[in-house]
Structures are given as C-alpha cells and as structure tokens.
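This is protein-v6.pdb. It holds PDB, N, CA and C atoms.
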```
ATOM      1  N   MET A   1       0.840  -1.178   0.000
ATOM      2  CA  MET A   1       0.000   0.000   0.000
ATOM      3  C   MET A   1       0.883   1.238   0.000
ATOM      4  N   PRO A   2       0.501   2.254  -0.733
ATOM      5  CA  PRO A   2       1.299   3.464  -0.772
ATOM      6  C   PRO A   2       1.346   4.137   0.593
ATOM      7  N   GLY A   3       2.508   4.669   0.941
ATOM      8  CA  GLY A   3       2.675   5.420   2.165
ATOM      9  C   GLY A   3       2.936   4.566   3.402
ATOM     10  N   MET A   4       2.826   3.247   3.293
ATOM     11  CA  MET A   4       3.085   2.387   4.446
ATOM     12  C   MET A   4       4.550   1.995   4.460
ATOM     13  N   THR A   5       5.122   1.962   5.651
ATOM     14  CA  THR A   5       6.510   1.546   5.764
ATOM     15  C   THR A   5       6.557   0.041   5.965
ATOM     16  N   SER A   6       7.589  -0.566   5.454
ATOM     17  CA  SER A   6       7.746  -2.002   5.570
ATOM     18  C   SER A   6       8.465  -2.317   6.876
ATOM     19  N   ARG A   7       7.890  -3.212   7.644
ATOM     20  CA  ARG A   7       8.514  -3.641   8.888
ATOM     21  C   ARG A   7       9.055  -5.038   8.675
ATOM     22  N   PRO A   8      10.219  -5.311   9.276
ATOM     23  CA  PRO A   8      10.810  -6.639   9.060
ATOM     24  C   PRO A   8       9.961  -7.745   9.674
ATOM     25  N   LEU A   9       9.888  -8.870   8.978
ATOM     26  CA  LEU A   9       9.245 -10.055   9.509
ATOM     27  C   LEU A   9      10.239 -10.762  10.432
ATOM     28  N   VAL A  10       9.745 -11.436  11.443
ATOM     29  CA  VAL A  10      10.620 -12.106  12.398
ATOM     30  C   VAL A  10      10.700 -13.591  12.050
ATOM     31  N   ASN A  11      11.918 -14.055  11.813
ATOM     32  CA  ASN A  11      12.159 -15.468  11.532
ATOM     33  C   ASN A  11      12.873 -16.168  12.675
ATOM     34  N   LYS A  12      13.366 -15.381  13.655
ATOM     35  CA  LYS A  12      14.137 -15.958  14.754
ATOM     36  C   LYS A  12      13.982 -15.076  15.984
ATOM     37  N   VAL A  13      13.918 -15.710  17.156
ATOM     38  CA  VAL A  13      13.916 -14.998  18.434
ATOM     39  C   VAL A  13      15.168 -15.413  19.179
ATOM     40  N   THR A  14      15.897 -14.434  19.692
ATOM     41  CA  THR A  14      17.107 -14.720  20.459
ATOM     42  C   THR A  14      17.140 -13.796  21.676
ATOM     43  N   TYR A  15      17.998 -14.110  22.631
ATOM     44  CA  TYR A  15      18.118 -13.362  23.881
ATOM     45  C   TYR A  15      19.557 -12.913  24.073
ATOM     46  N   THR A  16      19.742 -11.758  24.718
ATOM     47  CA  THR A  16      21.080 -11.405  25.169
ATOM     48  C   THR A  16      21.454 -12.387  26.277
ATOM     49  N   VAL A  17      22.715 -12.427  26.644
ATOM     50  CA  VAL A  17      23.182 -13.334  27.690
ATOM     51  C   VAL A  17      22.424 -13.059  28.993
ATOM     52  N   GLU A  18      22.273 -11.788  29.348
ATOM     53  CA  GLU A  18      21.607 -11.427  30.596
ATOM     54  C   GLU A  18      20.134 -11.818  30.576
ATOM     55  N   ALA A  19      19.457 -11.576  29.472
ATOM     56  CA  ALA A  19      18.037 -11.924  29.372
ATOM     57  C   ALA A  19      17.855 -13.438  29.412
ATOM     58  N   MET A  20      18.759 -14.193  28.785
ATOM     59  CA  MET A  20      18.664 -15.648  28.811
ATOM     60  C   MET A  20      18.904 -16.172  30.221
ATOM     61  N   GLN A  21      19.819 -15.567  30.948
ATOM     62  CA  GLN A  21      20.069 -15.984  32.327
ATOM     63  C   GLN A  21      18.813 -15.762  33.178
ATOM     64  N   THR A  22      18.160 -14.627  33.003
ATOM     65  CA  THR A  22      16.922 -14.347  33.727
ATOM     66  C   THR A  22      15.856 -15.363  33.347
ATOM     67  N   ARG A  23      15.762 -15.701  32.063
ATOM     68  CA  ARG A  23      14.790 -16.702  31.613
ATOM     69  C   ARG A  23      15.036 -18.037  32.303
ATOM     70  N   HIS A  24      16.305 -18.447  32.395
ATOM     71  CA  HIS A  24      16.640 -19.734  33.010
ATOM     72  C   HIS A  24      16.339 -19.758  34.509
ATOM     73  N   GLU A  25      16.273 -18.588  35.146
ATOM     74  CA  GLU A  25      15.960 -18.512  36.573
ATOM     75  C   GLU A  25      14.461 -18.669  36.848
ATOM     76  N   LEU A  26      13.647 -18.604  35.810
ATOM     77  CA  LEU A  26      12.204 -18.763  35.980
ATOM     78  C   LEU A  26      11.850 -20.228  36.232
ATOM     79  N   PRO A  27      10.796 -20.468  37.016
ATOM     80  CA  PRO A  27      10.303 -21.846  37.138
ATOM     81  C   PRO A  27       9.846 -22.350  35.761
ATOM     82  N   ALA A  28       9.811 -23.652  35.586
ATOM     83  CA  ALA A  28       9.486 -24.257  34.287
ATOM     84  C   ALA A  28       8.150 -23.763  33.734
ATOM     85  N   GLU A  29       7.133 -23.633  34.582
ATOM     86  CA  GLU A  29       5.827 -23.190  34.075
ATOM     87  C   GLU A  29       5.879 -21.739  33.586
ATOM     88  N   ARG A  30       6.679 -20.913  34.242
ATOM     89  CA  ARG A  30       6.818 -19.523  33.775
ATOM     90  C   ARG A  30       7.624 -19.475  32.480
ATOM     91  N   GLN A  31       8.629 -20.338  32.350
ATOM     92  CA  GLN A  31       9.381 -20.413  31.092
ATOM     93  C   GLN A  31       8.453 -20.802  29.951
ATOM     94  N   ALA A  32       7.567 -21.733  30.204
ATOM     95  CA  ALA A  32       6.616 -22.162  29.174
ATOM     96  C   ALA A  32       5.688 -21.016  28.789
ATOM     97  N   MET A  33       5.237 -20.235  29.775
ATOM     98  CA  MET A  33       4.392 -19.072  29.476
ATOM     99  C   MET A  33       5.160 -18.068  28.623
ATOM    100  N   LEU A  34       6.419 -17.826  28.986
ATOM    101  CA  LEU A  34       7.248 -16.891  28.227
ATOM    102  C   LEU A  34       7.465 -17.401  26.809
ATOM    103  N   ASP A  35       7.760 -18.674  26.654
ATOM    104  CA  ASP A  35       7.990 -19.237  25.321
ATOM    105  C   ASP A  35       6.750 -19.090  24.439
ATOM    106  N   HIS A  36       5.582 -19.352  25.020
ATOM    107  CA  HIS A  36       4.338 -19.186  24.260
ATOM    108  C   HIS A  36       4.150 -17.717  23.874
ATOM    109  N   ALA A  37       4.351 -16.827  24.818
ATOM    110  CA  ALA A  37       4.198 -15.391  24.543
ATOM    111  C   ALA A  37       5.166 -14.930  23.456
ATOM    112  N   MET A  38       6.380 -15.486  23.443
ATOM    113  CA  MET A  38       7.360 -15.089  22.436
ATOM    114  C   MET A  38       6.938 -15.550  21.043
ATOM    115  N   LYS A  39       6.290 -16.705  20.953
ATOM    116  CA  LYS A  39       5.780 -17.158  19.647
ATOM    117  C   LYS A  39       4.708 -16.199  19.139
ATOM    118  N   VAL A  40       3.847 -15.766  20.032
ATOM    119  CA  VAL A  40       2.796 -14.808  19.657
ATOM    120  C   VAL A  40       3.425 -13.479  19.270
ATOM    121  N   LEU A  41       4.375 -12.998  20.081
ATOM    122  CA  LEU A  41       5.028 -11.716  19.812
ATOM    123  C   LEU A  41       5.786 -11.743  18.488
ATOM    124  N   ALA A  42       6.430 -12.852  18.180
ATOM    125  CA  ALA A  42       7.199 -12.959  16.934
ATOM    126  C   ALA A  42       6.311 -12.808  15.707
ATOM    127  N   LYS A  43       5.040 -13.182  15.823
ATOM    128  CA  LYS A  43       4.122 -13.025  14.691
ATOM    129  C   LYS A  43       3.782 -11.565  14.422
ATOM    130  N   ASP A  44       3.781 -10.738  15.487
ATOM    131  CA  ASP A  44       3.478  -9.313  15.320
ATOM    132  C   ASP A  44       4.213  -8.505  16.390
ATOM    133  N   PRO A  45       5.520  -8.284  16.200
ATOM    134  CA  PRO A  45       6.297  -7.571  17.220
ATOM    135  C   PRO A  45       5.954  -6.083  17.329
ATOM    136  N   TYR A  46       5.112  -5.588  16.442
ATOM    137  CA  TYR A  46       4.719  -4.175  16.462
ATOM    138  C   TYR A  46       3.250  -4.014  16.850
ATOM    139  N   HIS A  47       2.682  -5.000  17.503
ATOM    140  CA  HIS A  47       1.269  -4.981  17.880
ATOM    141  C   HIS A  47       0.946  -3.662  18.583
ATOM    142  N   LYS A  48      -0.107  -2.991  18.129
ATOM    143  CA  LYS A  48      -0.401  -1.640  18.609
ATOM    144  C   LYS A  48      -0.831  -1.576  20.059
ATOM    145  N   SER A  49      -1.605  -2.559  20.548
ATOM    146  CA  SER A  49      -2.078  -2.447  21.926
ATOM    147  C   SER A  49      -1.262  -3.285  22.912
ATOM    148  N   ALA A  50      -0.495  -4.244  22.435
ATOM    149  CA  ALA A  50       0.254  -5.113  23.341
ATOM    150  C   ALA A  50       1.714  -4.712  23.499
ATOM    151  N   THR A  51       2.204  -3.828  22.637
ATOM    152  CA  THR A  51       3.601  -3.396  22.705
ATOM    153  C   THR A  51       3.659  -1.881  22.561
ATOM    154  N   ALA A  52       4.823  -1.334  22.909
ATOM    155  CA  ALA A  52       5.026   0.112  22.753
ATOM    156  C   ALA A  52       6.474   0.371  22.363
ATOM    157  N   SER A  53       6.671   1.356  21.526
ATOM    158  CA  SER A  53       8.045   1.701  21.165
ATOM    159  C   SER A  53       8.686   2.451  22.323
ATOM    160  N   ILE A  54       9.998   2.332  22.396
ATOM    161  CA  ILE A  54      10.775   3.035  23.418
ATOM    162  C   ILE A  54      11.660   4.028  22.681
ATOM    163  N   GLY A  55      11.436   5.285  22.899
ATOM    164  CA  GLY A  55      12.240   6.297  22.229
ATOM    165  C   GLY A  55      11.796   6.517  20.798
ATOM    166  N   ALA A  56      12.701   7.067  20.006
ATOM    167  CA  ALA A  56      12.372   7.460  18.641
ATOM    168  C   ALA A  56      12.400   6.294  17.654
ATOM    169  N   ASN A  57      13.113   5.236  17.982
ATOM    170  CA  ASN A  57      13.255   4.110  17.068
ATOM    171  C   ASN A  57      12.109   3.125  17.292
ATOM    172  N   ASP A  58      11.276   2.939  16.294
ATOM    173  CA  ASP A  58      10.116   2.057  16.395
ATOM    174  C   ASP A  58      10.506   0.589  16.567
ATOM    175  N   ASN A  59      11.739   0.242  16.228
ATOM    176  CA  ASN A  59      12.187  -1.143  16.337
ATOM    177  C   ASN A  59      12.622  -1.518  17.751
ATOM    178  N   TYR A  60      12.797  -0.537  18.644
ATOM    179  CA  TYR A  60      13.136  -0.820  20.040
ATOM    180  C   TYR A  60      11.864  -0.692  20.851
ATOM    181  N   ARG A  61      11.409  -1.808  21.457
ATOM    182  CA  ARG A  61      10.060  -1.858  22.019
ATOM    183  C   ARG A  61      10.028  -2.534  23.374
ATOM    184  N   LYS A  62       8.883  -2.446  24.028
ATOM    185  CA  LYS A  62       8.665  -3.192  25.263
ATOM    186  C   LYS A  62       7.294  -3.836  25.205
ATOM    187  N   ALA A  63       7.149  -4.926  25.980
ATOM    188  CA  ALA A  63       5.877  -5.638  26.027
ATOM    189  C   ALA A  63       5.758  -6.347  27.368
ATOM    190  N   TYR A  64       4.561  -6.334  27.909
ATOM    191  CA  TYR A  64       4.237  -7.149  29.080
ATOM    192  C   TYR A  64       3.685  -8.452  28.514
ATOM    193  N   VAL A  65       4.474  -9.507  28.594
ATOM    194  CA  VAL A  65       4.163 -10.731  27.853
ATOM    195  C   VAL A  65       3.442 -11.797  28.656
ATOM    196  N   ALA A  66       3.488 -11.702  29.972
ATOM    197  CA  ALA A  66       2.821 -12.661  30.858
ATOM    198  C   ALA A  66       2.739 -12.003  32.227
ATOM    199  N   PRO A  67       1.908 -12.536  33.112
ATOM    200  CA  PRO A  67       1.829 -11.933  34.446
ATOM    201  C   PRO A  67       3.206 -11.833  35.100
ATOM    202  N   GLY A  68       3.586 -10.624  35.448
ATOM    203  CA  GLY A  68       4.859 -10.408  36.114
ATOM    204  C   GLY A  68       6.082 -10.450  35.221
ATOM    205  N   LEU A  69       5.902 -10.505  33.895
ATOM    206  CA  LEU A  69       7.043 -10.557  32.967
ATOM    207  C   LEU A  69       6.957  -9.431  31.948
ATOM    208  N   MET A  70       7.968  -8.580  31.951
ATOM    209  CA  MET A  70       8.052  -7.490  30.990
ATOM    210  C   MET A  70       9.387  -7.631  30.278
ATOM    211  N   LEU A  71       9.376  -7.362  28.993
ATOM    212  CA  LEU A  71      10.645  -7.414  28.281
ATOM    213  C   LEU A  71      10.793  -6.221  27.360
ATOM    214  N   GLU A  72      12.048  -5.906  27.112
ATOM    215  CA  GLU A  72      12.407  -4.924  26.094
ATOM    216  C   GLU A  72      13.113  -5.692  25.000
ATOM    217  N   TYR A  73      12.819  -5.314  23.771
ATOM    218  CA  TYR A  73      13.387  -6.047  22.648
ATOM    219  C   TYR A  73      13.592  -5.107  21.475
ATOM    220  N   THR A  74      14.350  -5.585  20.528
ATOM    221  CA  THR A  74      14.550  -4.858  19.291
ATOM    222  C   THR A  74      14.389  -5.832  18.128
ATOM    223  N   VAL A  75      13.992  -5.310  17.009
ATOM    224  CA  VAL A  75      13.880  -6.117  15.802
ATOM    225  C   VAL A  75      14.940  -5.622  14.831
ATOM    226  N   VAL A  76      15.863  -6.521  14.513
ATOM    227  CA  VAL A  76      16.960  -6.198  13.608
ATOM    228  C   VAL A  76      16.919  -7.194  12.470
ATOM    229  N   ARG A  77      16.756  -6.667  11.272
ATOM    230  CA  ARG A  77      16.558  -7.502  10.094
ATOM    231  C   ARG A  77      15.404  -8.442  10.363
ATOM    232  N   GLU A  78      15.595  -9.719  10.443
ATOM    233  CA  GLU A  78      14.490 -10.655  10.685
ATOM    234  C   GLU A  78      14.613 -11.335  12.044
ATOM    235  N   ILE A  79      15.353 -10.689  12.968
ATOM    236  CA  ILE A  79      15.598 -11.280  14.282
ATOM    237  C   ILE A  79      15.016 -10.394  15.377
ATOM    238  N   LEU A  80      14.236 -11.003  16.272
ATOM    239  CA  LEU A  80      13.741 -10.320  17.456
ATOM    240  C   LEU A  80      14.721 -10.649  18.575
ATOM    241  N   VAL A  81      15.384  -9.634  19.120
ATOM    242  CA  VAL A  81      16.386  -9.823  20.165
ATOM    243  C   VAL A  81      15.821  -9.302  21.483
ATOM    244  N   VAL A  82      15.650 -10.195  22.448
ATOM    245  CA  VAL A  82      15.211  -9.789  23.787
ATOM    246  C   VAL A  82      16.427  -9.232  24.503
ATOM    247  N   VAL A  83      16.362  -7.953  24.822
ATOM    248  CA  VAL A  83      17.483  -7.256  25.438
ATOM    249  C   VAL A  83      17.391  -7.306  26.960
ATOM    250  N   LEU A  84      16.175  -7.190  27.488
ATOM    251  CA  LEU A  84      15.969  -7.122  28.933
ATOM    252  C   LEU A  84      14.712  -7.891  29.282
ATOM    253  N   LEU A  85      14.799  -8.738  30.272
ATOM    254  CA  LEU A  85      13.646  -9.470  30.784
ATOM    255  C   LEU A  85      13.537  -9.142  32.260
ATOM    256  N   GLU A  86      12.426  -8.537  32.648
ATOM    257  CA  GLU A  86      12.216  -8.168  34.044
ATOM    258  C   GLU A  86      11.112  -9.023  34.639
ATOM    259  N   ILE A  87      11.348  -9.456  35.869
ATOM    260  CA  ILE A  87      10.374 -10.253  36.605
ATOM    261  C   ILE A  87       9.840  -9.397  37.740
ATOM    262  N   PHE A  88       8.527  -9.303  37.821
ATOM    263  CA  PHE A  88       7.898  -8.534  38.878
ATOM    264  C   PHE A  88       7.204  -9.467  39.852
ATOM    265  N   ASP A  89       7.305  -9.148  41.142
ATOM    266  CA  ASP A  89       6.585  -9.892  42.171
ATOM    267  C   ASP A  89       5.189  -9.298  42.249
ATOM    268  N   GLU A  90       4.230 -10.046  41.754
ATOM    269  CA  GLU A  90       2.864  -9.530  41.738
ATOM    270  C   GLU A  90       2.073  -9.906  42.985
ATOM    271  N   THR A  91       2.781 -10.267  44.042
ATOM    272  CA  THR A  91       2.079 -10.576  45.281
ATOM    273  C   THR A  91       2.038  -9.388  46.225
ATOM    274  N   ARG A  92       2.861  -8.376  45.972
ATOM    275  CA  ARG A  92       2.873  -7.182  46.825
ATOM    276  C   ARG A  92       2.853  -5.934  45.962
ATOM    277  N   TYR A  93       1.979  -5.028  46.326
ATOM    278  CA  TYR A  93       1.870  -3.749  45.642
ATOM    279  C   TYR A  93       1.958  -2.630  46.673
ATOM    280  N   LEU A  94       2.437  -1.494  46.273
ATOM    281  CA  LEU A  94       2.489  -0.345  47.166
ATOM    282  C   LEU A  94       1.100   0.017  47.664
ATOM    283  N   LEU A  95       0.131  -0.166  46.824
ATOM    284  CA  LEU A  95      -1.244   0.139  47.179
ATOM    285  C   LEU A  95      -1.717  -0.674  48.384
ATOM    286  N   ASP A  96      -1.158  -1.868  48.553
ATOM    287  CA  ASP A  96      -1.562  -2.749  49.647
ATOM    288  C   ASP A  96      -0.880  -2.412  50.969
ATOM    289  N   LEU A  97       0.119  -1.559  50.952
ATOM    290  CA  LEU A  97       0.878  -1.243  52.160
ATOM    291  C   LEU A  97       0.291  -0.035  52.879
ATOM    292  N   ASP A  98       0.463  -0.014  54.189
ATOM    293  CA  ASP A  98       0.137   1.190  54.943
ATOM    294  C   ASP A  98       1.231   2.201  54.691
ATOM    295  N   VAL A  99       0.916   3.461  54.856
ATOM    296  CA  VAL A  99       1.877   4.532  54.569
ATOM    297  C   VAL A  99       3.121   4.387  55.436
ATOM    298  N   ASP A 100       2.977   3.957  56.687
ATOM    299  CA  ASP A 100       4.111   3.861  57.605
ATOM    300  C   ASP A 100       4.805   2.492  57.575
ATOM    301  N   GLU A 101       4.320   1.562  56.788
ATOM    302  CA  GLU A 101       4.882   0.214  56.739
ATOM    303  C   GLU A 101       6.242   0.220  56.052
ATOM    304  N   VAL A 102       7.155  -0.549  56.602
ATOM    305  CA  VAL A 102       8.496  -0.685  56.036
ATOM    306  C   VAL A 102       8.555  -2.020  55.296
ATOM    307  N   PHE A 103       9.211  -2.025  54.155
ATOM    308  CA  PHE A 103       9.340  -3.256  53.365
ATOM    309  C   PHE A 103      10.143  -4.284  54.101
TER     310      PHE A 103
END
```
Step by step, read the file and then write its structure as structure tokens.
Amino acid sequence: MPGMTSRPLVNKVTYTVEAMQTRHELPAERQAMLDHAMKVLAKDPYHKSATASIGANDNYRKAYVAPGLMLEYTVVREILVVVLLEIFDETRYLLDLDVDEVF
C-alpha cells in the first residue's frame, strides 16, 4: 500500500546473555508461558495495543508478555532480540501497604 513503511518479519527470536540468564531462573511453568508469549510476539512484534516503542526508534520496544514478565526487545533484520527481561513480584503492591509500613 502506498505510504506504508515495511517492517521486518521475524524469523528468529534470540536473547542477550543477561536476558537468557533471567529466563533460566524462571520456574518451568513460567518459562513455558514466556515461550508461548514469544511465539505470539514474533508473529506481530509491532502490535499496537500489546507493545510500545521506546524512544524514537520504532524497532526498540517493550511488552508485558505474561503476568509479572516485561521485556524490552529490538527487531533487527528478521531477528527479534530480547534485550531485557524483568520479573515482577505480583504478590505485593504499594497500594496494599500502609503509609508507615516498612518493606
């Protein structure tokens, strides 16, 4: 279509050393959730409501891929590279704490 920019298709998903180490620290069931989410993300790494660009480069993005799992990634040529994988403890929120409570 005229005026549309071409975005690279993803043929491979890979992780930086640090992101892979974080992945390996997950329990097996969480790894399986992440693996499934990565297959979905690889089909559309630019999904409008499930991902967001970081900064000016549309190829550097972030996505919340499963409960308590957020990642930052980039798409280079036909490779989706997970740069950062963050794990959040979803059992405690600041909202649940009293103002004077200490962690």
* **All strand (DSSP E) positions in chain A, as a PyMOL selection string** => chain A and resi 12-15+51-53+60-66+69-76+79-87
* To do: May I have the residues within 6.5 Å of region 28-42 of chain A as a PyMOL selection string, using all atoms listed in the file and disregarding those fewer than 3 positions away in the same chain?
  => chain A and resi 10+23+45+65-66
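Residues selected in this file by the PyMOL selection byres (((chain A and resi 82 and name CA) around 10) and name CA) comprise Val13, Thr14, Tyr15, Thr16, Val17, Glu18, Ala19, Met20, Met38, Tyr60, Arg61, Lys62, Leu71, Glu72, Tyr73, Thr74, Val75, Ile79, Leu80, Val81, Val83, Leu84 and Leu85 of chain A.
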* Asked: For Ile87 (chain A), which of A:Leu69, A:Glu25, A:Lys12, A:Tyr64 is the closest residue, counting all atoms listed in the file?
  -> A:Leu69
* **Point-to-point distance from atom C of Arg77 (chain A) to CA of Leu9 (chain A), Å rounded to tenths** =>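 Calculated distance between atom C of Arg77 (chain A) and CA of Leu9 (chain A) is 6.4 Å.
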* To do: Rounded to one decimal place, report the CA of Phe88 (chain A)-CA of Pro67 (chain A) distance in Å.
  => 8.2 Å
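CA of Gly68 (chain A) is positioned 6.2 Å from atom C of Asp89 (chain A).
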* Pick out each residue of chain A that DSSP on the backbone tags as alpha helix (DSSP H); I need them as JSON, numbers by chain. => {"A": [17, 18, 19, 20, 21, 22, 23, 24, 28, 29, 30, 31, 32, 33, 34, 35, 36, 37, 38, 39, 40, 41, 42, 43]}
